Amino acid sequence: MNGDAVPDASLWLEAVAGTESAFAVLFDRHRARIFRKAYSRLRNVHDAEDVVAMVFLEAWRSREKVRIVDGSLLPWLLSVTTYLTLNSDRAARRYRRLLAKLPIAPPADPVPDVDNRLDLQERANMLTQALRRLSAVERTVVDLCLVEELSMATVAGVLDVPIGTVKSRLNGARRKLRTYLGESDITVRRAGELSSEGISG
Amino acid sequence: MNSVEPEMTPERTDAIRGLLLHTLRSEPARRIQRQRRRIVVSVAGFFLVAGVATTGATVLLQEKSVENTAIVHCYSSTSADADGTYPGSSATIADSNGRGQARDALTLCTAMWEQGVLADGFEPTTPANEPGVVPELQVCVMRDGSAAVVPGESANVCQIVGLAPLVG
């Protein structure tokens with residue numbers, strides 16, 4: 001079956017009505033992006049895969065609250081990913097019984113550039129700690145605006161707040177992150193990866 | 001520098017997909033079990049509550065305004081399913097200004113009808129669905145204040161499905 005041409009909104013309505021194939025299409029459409037985002041924060045394939053599962057389980061559990069912005073489910077899924085990667089222990093407790101049914105991931109292949117991997121891991125940990133000190137709304141705004149490069153209007157749609165609120169929360173979060181991360185500011189290296197190096201507006 | 005990012009493993013991807021679909025499958029079963037329990041209670045108490053129900057219906061049919069714009073219910077039929085529920089879909093859609101479009105329930109459900117989502121035989125994963133035919137639609141109000149758009153030629157259809165007509 002090919003659901004590429006069917007918009008998220010239609011698929012989601014069908015999924016909520018209990019159509020499994022519609023939910024499967026949405027899962028396959030967005031799982032890679034969710035995984036990349038989770039991996040960029042957790043640096044662990046197994047844990048990132050668990051987050052992918054939890055994001056979609058959470059979407060189903062909270063299906064009456066799901067927000068489709070500009071026809072796409074992805075911004076909402078990304079906001080949930082942000083929350084789950086920063087609160088993975090709490091979320092894993094909720095879904096522990098379900099996650100236990102998943103097969104154990106095979107050992108990861110050796111990474112040639114160990115130094116680089118450790119550097120990325122350290123940077124991810126540092127940013128995760130800094131983001132945890134922000135409020136939930138600030139974390140989501142930073143993640144969606146700076147990391148995912150979604151427009152402020154889209155983020156406003158996900159959070160159901162005015163654009164001005166997104167803008168002010170983003171500015172406030174930037175100021176806090178500057179303080180938490182020392183002299184460096186945050187910038188976007190590429191989609192899905194936040195960096196504490198360099199300066200950006 | 002190794003720039004190759006890992007991907008989801010095929011084995012666990014399939015397992016997660018299977019887990020999600022199993023969760024969907026098991027949910028209606030649980031809902032039906034709950035509804036069956038409700039039916040048993042309703043039959044047992046029917047004669048006792050009949051008088052009260054008449055009064056309740058009078059209250060239910062009074063015109064109301066939409067106060068809950070968080071969600072819109074789009075009915076696809078005024079014929080109840082075997083479990084007593086009405087077929088259709090619910091949606092919460094946000095626009096680019098961050099405000100819910102749910103307040104414009106009629107527009108939203110009309111779009112769903114136009115896309116064929118609410119038509120019989122709609123296959124969500126097939127791009128070749130026929131455009132839908134939009135019937136006459138009426139806006140009714142659920143008990144929680146949310147809008148329900150029901151196919152019908154007059155506002156009386158709200159009363160038929162047990163909902164309050166929209167004010168005005």
# chains A, B, ... in the order shown; residues from 1 in each chain; ligands from 1

$ closest_atom_pairs --of "chain A" --to "chain B" --cutoff "7 Å" --atoms "only C-alpha atoms" --output "Markdown table"
| residue | atom | partner | partner_atom | distance |
| --- | --- | --- | --- | --- |
| A:Met1 | CA | B:Thr125 | CA | 6.3 |
| A:Asn2 | CA | B:Thr125 | CA | 5.8 |
| A:Gly3 | CA | B:Thr125 | CA | 4.1 |
| A:Ala5 | CA | B:Pro127 | CA | 5.4 |
| A:Val6 | CA | B:Pro127 | CA | 5.9 |
| A:Ser10 | CA | B:Val117 | CA | 6.6 |
| A:Leu11 | CA | B:Pro124 | CA | 5.9 |
| A:Leu13 | CA | B:Ser89 | CA | 5.9 |
| A:Glu14 | CA | B:Pro124 | CA | 6.7 |
| A:Ala17 | CA | B:Ser89 | CA | 6.3 |
| A:Gly18 | CA | B:Leu24 | CA | 6.5 |
| A:Glu20 | CA | B:Leu21 | CA | 5.9 |
| A:Ser21 | CA | B:Thr125 | CA | 6.9 |
| A:Ala22 | CA | B:Pro124 | CA | 6.0 |
| A:Ala24 | CA | B:Arg17 | CA | 6.8 |
| A:Glu49 | CA | B:Met8 | CA | 6.5 |
| A:Ala53 | CA | B:Ile16 | CA | 5.9 |
| A:Leu57 | CA | B:Leu20 | CA | 6.6 |
| A:Val66 | CA | B:Thr92 | CA | 6.9 |
| A:Arg67 | CA | B:Ile93 | CA | 5.8 |
| A:Ile68 | CA | B:Ile93 | CA | 5.2 |
| A:Val69 | CA | B:Ala94 | CA | 5.1 |
| A:Asp70 | CA | B:Asp95 | CA | 6.0 |
| A:Leu102 | CA | B:Ala15 | CA | 6.0 |
| A:Pro103 | CA | B:Arg12 | CA | 6.3 |
| A:Pro112 | CA | B:Asn2 | CA | 6.9 |
| A:Asp113 | CA | B:Asn2 | CA | 6.0 |
| A:Asn116 | CA | B:Met1 | CA | 6.8 |
| A:Ala153 | CA | B:Ser96 | CA | 5.1 |
| A:Thr154 | CA | B:Ser96 | CA | 5.5 |
| A:Ala156 | CA | B:Gly98 | CA | 4.6 |
| A:Gly157 | CA | B:Gly98 | CA | 3.4 |
| A:Val158 | CA | B:Gly98 | CA | 6.9 |
| A:Asp160 | CA | B:Gly98 | CA | 4.9 |
| A:Val161 | CA | B:Gly98 | CA | 5.7 |
| A:Pro162 | CA | B:Gly98 | CA | 6.0 |
| A:Ile163 | CA | B:Asn97 | CA | 6.8 |

$ residues_around --residues "Ala164 (chain B)" --least-positions-apart "2" --cutoff "10 Å" --atoms "only C-alpha atoms" --output "list in words"
Ala57, Thr58, Val59, Leu60, Leu61, Gln62, Glu63, Lys64, Ser65, Val139, Cys140, Val141, Met142, Arg143, Gly145, Ala147, Ala148, Ala155, Asn156, Val157, Cys158, Gln159, Ile160, Val161, Gly162, Leu166 and Val167 of chain B

$ closest_residue --among "A:Lys65, A:Arg29, A:Arg96, A:Lys167" --to "Val51 (chain A)" --atoms "only C-alpha atoms"
A:Arg96

$ select_by_dssp --residues "region 8-201 of chain A" --states "strand (DSSP E or B)" --output "NGL selection string"
:A and (68-69 or 72 or 187-190 or 193-195)
